[in-house]
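Q: Once you've had a glance at the structure underneath, I'll fire off some questions.
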Amino acid sequence: MRTEPRTLLAWLCARDKATYRRFSKNFTALGVQLFGNSSASPTCGETQFRRWTGGQLQGLPVTEACQILEAMWPGYTAEQLFGPPPKADPQAPAKDLEERVRMTAEEALQGADSTASASISDNTIDELRDQVEGIARRYHLVPPAEAYETVDRLRLAIERHRDRTQVPVQQQQLMILNGQAAALLAVAAFNLGYFPSARALARTAAVFGETTRFTPLQAFADGTLAYIAYHTGNATEAVAKATRALAYGGLGDMARRRHQAIKARAHAHLGDVSSARRAILLSSEDGPGHRDDLHDGIGGEFAFSLERLAMSTSTTALVIGDAAQAEADARRALGLIERRPAEEQSAHVRAGAAADLAYARLIASDVDGAAEALQLVWEVPEERRQTGIVVRTARIGRHLNRPEYHGSPLPRELRERVEEFNRVSPPHRIGPHVGLLAIES
């Protein structure tokens with residue numbers, strides 16, 4: 001007789017097919033990432049695991065263990081994980097069927113592939129590649145916590161297949177896929193506010209890129225490391241990473257656009273206005289028409305669209321104090337995204353551009369105009385309020401806290417709304433031990 005899970009933790013383990021062995025491996029690895037390889041990093045024995053999932057614990061485990069569990073399932077607090085499982089969902093039968101179909105397809109493919117002892121079928125690699133590309137292209141449509149879980153399951157599947165083949169070409173292809181998965185995990189971890197983990201995952205992607213000599217992946221990883229660096233107060237490191245990303249051969253025009261935009265922001269955080277403006281100009285120049293297999297071939301989260309460039313340039317203009325340029329670029333970003341089909345529109349880019357537009361108007365003392373621009377920001381659901389949006393709205397909240405706004409009803413209303421908007425965002429719910437202090441600074 002099947003026993004119903006007594007805690008949300010047990011329910012999640014059952015959903016993700018996390019046996020004790022797999023749970024312990026992930027728990028220990030995340031502990032090392034968060035606390036280092038020392039006595040400060042806790043482990044979880046099997047008896048303890050059974051108590052946790054069986055609802056036999058009084059109170060909560062030690063703080064470090066709670067932090068690791070929250071990292072394993074972003075979007076949930078320790079209190080929620082040790083609380084009751086979710087109630088039955090009227091849509092559950094359809095969702096369960098969808099999951100069963102997906103699992104059946106994966107197991108059937110693995111079963112067909114198990115006939116070879118030293119290699120795997122090329123069809124298996126094609127399927128894994130399709131899944132990586134599909135996730136990258138749908139990334140903007142799902143909350144970062146959901147994207148993280150999906151990519152992590154795929155990463156584990158890729159690693160299992162790497163262990164099953166000794167064919168060099170297949171190893172090469174799987175390492176590239178593993179690196180692409182790590183790169184997507186780094187983006188998702190950053191969007192959730194897990195800066196140390198995002199940095200470690202981006203470095204993992206860079207290692208796979210270096211090992212396979214797949215330079216677009218190396219460049220993407222270094223670009224990610226660059227923006228993690230300037231969000232955590234290391235603008236000099238950010239310039240170095242972005243410069244290195246631009247130095248790789250085999251990059252397409254879109255890749256160079258992305259890394260010039262990142263470099264511009266890094267220079268702006270250093271206060272180097274002339275270098276920031278030069279990088280902005282370089283990011284907007286038409287290239288010779290070169291493409292690469294990552295930024296252009298897969299695209300999606302690996303791409304860097306024109307509206308994303310405009311949003312990034314707007315933010316950089318605000319950092320260097322050019323409100324007029326910031327407003328113009330924010331408007332351009334919003335105009336460009338409206339031209340896309342609904343399924344291709346990024347809520348994150350729209351909200352980021354709207355927040356920049358609001359801040360530019362605040363600098364010009366147009367509080368009513370800022371309130372109008374923020375209407376697009378308030379539409380973002382809680383689970384999609386990722387780091388970039390939180391950083392921008394927190395900056396608006398700080399500006400509205402200036403003495404000249406004290407006693408004015410609209411600035412107070414906007415400030416309170418910003419506080420509530422960010423309070424329930426994933427970066428706030430999972431902070432401050434992983435990145436919230438950096439976001440707020």
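By order in the structure tokens, chains are A, B, ...; within a chain, residues start at 1; ligands start at 1, following the order shown.
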Would you write out, as CSV, a table of all residues in stretch 237-324 of chain A that have an atom no more than 12 Å from an atom of stretch 353-362 of chain A, listing for each the closest atom pair and the distance in Å to one decimal, considering only C-alpha atoms and ordering rows by chain and rising residue number?
A:
residue,atom,partner,partner_atom,distance
A:Glu307,CA,A:Ala353,CA,8.8
A:Arg308,CA,A:Ala353,CA,8.7
A:Leu309,CA,A:Ala353,CA,10.4
A:Ala310,CA,A:Ala353,CA,8.2
A:Met311,CA,A:Ala353,CA,5.1
A:Ser312,CA,A:Ala353,CA,8.3
A:Thr313,CA,A:Ala353,CA,9.8
A:Ser314,CA,A:Asp356,CA,6.6
A:Thr315,CA,A:Asp356,CA,6.3
A:Thr316,CA,A:Asp356,CA,9.8
A:Ala317,CA,A:Ala360,CA,9.3
A:Leu318,CA,A:Ala360,CA,7.1
A:Val319,CA,A:Asp356,CA,10.5
A:Ile320,CA,A:Ala360,CA,11.8
A:Gly321,CA,A:Ala360,CA,9.2
A:Asp322,CA,A:Ala360,CA,8.4
A:Ala323,CA,A:Ala360,CA,4.9
A:Ala324,CA,A:Ala360,CA,7.1
Q: Hey, can you check how far atom CA of A:Ile158 sits from atom CA of A:Phe214?
A: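 Between these atoms lies a distance of 17.4 Å.
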Q: With a distance cut-off of 7 Å and only C-alpha atoms, select the neighbouring residues of stretch 224-241 of chain A, excluding the residue or stretch itself and same-chain residues fewer than 3 positions from it, and output the selection as JSON, numbers by chain.
A: {"A": [195, 199, 202, 220, 221, 244, 245, 262, 263, 266, 267, 269, 270, 438, 439]}
Q: Can you work out which one of A:Ala279, A:Leu246, A:Ala264, A:Ala186 has the shortest atom-to-atom distance to A:Thr215, counting only C-alpha atoms?
A: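 Of A:Ala279, A:Leu246, A:Ala264, A:Ala186, the one nearest A:Thr215, counting only C-alpha atoms, is A:Leu246.
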Q: For A:Thr53, which of A:Pro74, A:Ala14, A:Ala268, A:Thr124 is the closest residue, counting only C-alpha atoms?
A: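 Closest to A:Thr53 of all the choices is A:Ala14.
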Q: Give the alpha helix (DSSP H) residues of stretch 226-280 of chain A, as assigned by DSSP on the backbone, as a ChimeraX atom specification.
A: /A:226-231,235-247,253-270,273-280
Q: Those same residues - C-alpha atoms - I'd like them written as a JSON list (two decimals), in the first residue's frame.
A:
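Result file follows (again_6.json):
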[["chain", "number", "residue", "atom", "x", "y", "z"],
["A", 226, "ALA", "CA", 31.09, 39.35, -15.56],
["A", 227, "TYR", "CA", 27.58, 40.42, -14.66],
["A", 228, "ILE", "CA", 27.64, 38.34, -11.49],
["A", 229, "ALA", "CA", 30.84, 40.22, -10.60],
["A", 230, "TYR", "CA", 29.43, 43.71, -11.00],
["A", 231, "HIS", "CA", 26.24, 42.78, -9.18],
["A", 235, "ALA", "CA", 33.39, 45.82, -11.29],
["A", 236, "THR", "CA", 37.10, 45.46, -12.06],
["A", 237, "GLU", "CA", 36.72, 41.69, -12.31],
["A", 238, "ALA", "CA", 33.62, 42.23, -14.44],
["A", 239, "VAL", "CA", 35.58, 44.29, -16.99],
["A", 240, "ALA", "CA", 38.28, 41.59, -17.12],
["A", 241, "LYS", "CA", 35.75, 38.79, -17.67],
["A", 242, "ALA", "CA", 33.87, 40.69, -20.36],
["A", 243, "THR", "CA", 37.13, 41.59, -22.10],
["A", 244, "ARG", "CA", 38.20, 37.96, -22.09],
["A", 245, "ALA", "CA", 34.80, 36.90, -23.46],
["A", 246, "LEU", "CA", 35.32, 39.21, -26.43],
["A", 247, "ALA", "CA", 38.79, 37.80, -27.10],
["A", 253, "ASP", "CA", 27.89, 39.24, -34.08],
["A", 254, "MET", "CA", 25.22, 38.57, -31.43],
["A", 255, "ALA", "CA", 27.79, 37.23, -28.98],
["A", 256, "ARG", "CA", 29.95, 40.32, -29.41],
["A", 257, "ARG", "CA", 26.88, 42.52, -28.93],
["A", 258, "ARG", "CA", 26.11, 40.77, -25.64],
["A", 259, "HIS", "CA", 29.60, 41.05, -24.25],
["A", 260, "GLN", "CA", 30.11, 44.67, -25.29],
["A", 261, "ALA", "CA", 26.85, 45.49, -23.46],
["A", 262, "ILE", "CA", 28.07, 43.66, -20.35],
["A", 263, "LYS", "CA", 31.44, 45.40, -20.60],
["A", 264, "ALA", "CA", 29.70, 48.78, -20.88],
["A", 265, "ARG", "CA", 27.83, 48.17, -17.62],
["A", 266, "ALA", "CA", 31.02, 47.03, -15.89],
["A", 267, "HIS", "CA", 32.83, 50.23, -16.95],
["A", 268, "ALA", "CA", 29.84, 52.26, -15.76],
["A", 269, "HIS", "CA", 30.03, 50.66, -12.31],
["A", 270, "LEU", "CA", 33.71, 51.61, -12.21],
["A", 273, "VAL", "CA", 32.05, 56.94, -18.41],
["A", 274, "SER", "CA", 34.09, 57.27, -21.62],
["A", 275, "SER", "CA", 34.83, 53.52, -21.76],
["A", 276, "ALA", "CA", 31.20, 52.75, -20.99],
["A", 277, "ARG", "CA", 30.00, 54.95, -23.84],
["A", 278, "ARG", "CA", 32.55, 53.42, -26.22],
["A", 279, "ALA", "CA", 31.37, 49.91, -25.35],
["A", 280, "ILE", "CA", 27.74, 51.01, -25.85]]
Q: Set the distance at 8 Å and use only C-alpha atoms: which residues neighbour A:Ala181 once local chain neighbours fewer than 6 positions away are removed? I'd like the list as an mmCIF file with N, CA, C and O atoms, in the first residue's frame.
A:
data_model
loop_
_atom_site.group_PDB
_atom_site.id
_atom_site.type_symbol
_atom_site.label_atom_id
_atom_site.label_comp_id
_atom_site.auth_asym_id
_atom_site.auth_seq_id
_atom_site.Cartn_x
_atom_site.Cartn_y
_atom_site.Cartn_z
ATOM 1 N N VAL A 132 17.893 20.355 -24.537
ATOM 2 C CA VAL A 132 18.649 21.546 -24.122
ATOM 3 C C VAL A 132 18.191 22.758 -24.919
ATOM 4 O O VAL A 132 17.940 23.840 -24.364
ATOM 5 N N VAL A 151 16.190 22.016 -15.949
ATOM 6 C CA VAL A 151 17.550 21.901 -16.499
ATOM 7 C C VAL A 151 18.391 20.955 -15.644
ATOM 8 O O VAL A 151 19.198 20.177 -16.167
ATOM 9 N N ASP A 152 18.193 20.986 -14.334
ATOM 10 C CA ASP A 152 19.004 20.120 -13.476
ATOM 11 C C ASP A 152 18.694 18.656 -13.722
ATOM 12 O O ASP A 152 19.596 17.809 -13.715
ATOM 13 N N LEU A 154 17.753 17.447 -16.540
ATOM 14 C CA LEU A 154 18.384 17.159 -17.832
ATOM 15 C C LEU A 154 19.891 17.009 -17.678
ATOM 16 O O LEU A 154 20.506 16.128 -18.295
ATOM 17 N N ARG A 155 20.484 17.846 -16.842
ATOM 18 C CA ARG A 155 21.938 17.741 -16.596
ATOM 19 C C ARG A 155 22.293 16.367 -16.047
ATOM 20 O O ARG A 155 23.287 15.748 -16.473
ATOM 21 N N ALA A 205 30.444 25.728 -16.627
ATOM 22 C CA ALA A 205 30.188 25.862 -18.062
ATOM 23 C C ALA A 205 31.448 26.273 -18.803
ATOM 24 O O ALA A 205 31.736 25.771 -19.899
#
Q: Just to confirm, what's the straight-line distance from atom CA of A:Leu217 to atom CA of A:Leu294 in Å (one decimal)?
A: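 If I compute the distance from atom CA of A:Leu217 to atom CA of A:Leu294, I get 7.0 Å.
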Q: Contacts of A:Arg138 at 9 Å or less, counting only C-alpha atoms, minus same-chain residues fewer than 5 places along, as a list in words?
A: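 Returned residues: Glu133, Ala147, Gly300, Glu301 and Glu344 of chain A.
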Q: Which distance in Å separates atom CA of A:Gly55 and atom CA of A:Ala145, to one decimal?
A: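 So the answer is 24.5 Å.
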Q: Do a neighbour search on A:Asp16 at 10 Å with only C-alpha atoms, toss out local chain neighbours closer than 6 positions, and write the hits as a ChimeraX atom specification.
A: /A:10,23,149,153
Q: Go through A:Pro216, A:Gly83, A:Gly271, A:Gly249 one by one, measure the shortest atom-to-atom distance of each to A:Gly297 using only C-alpha atoms, and give the residue with the smallest value.
A: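 Using only C-alpha atoms, the shortest distance to A:Gly297 belongs to A:Pro216.
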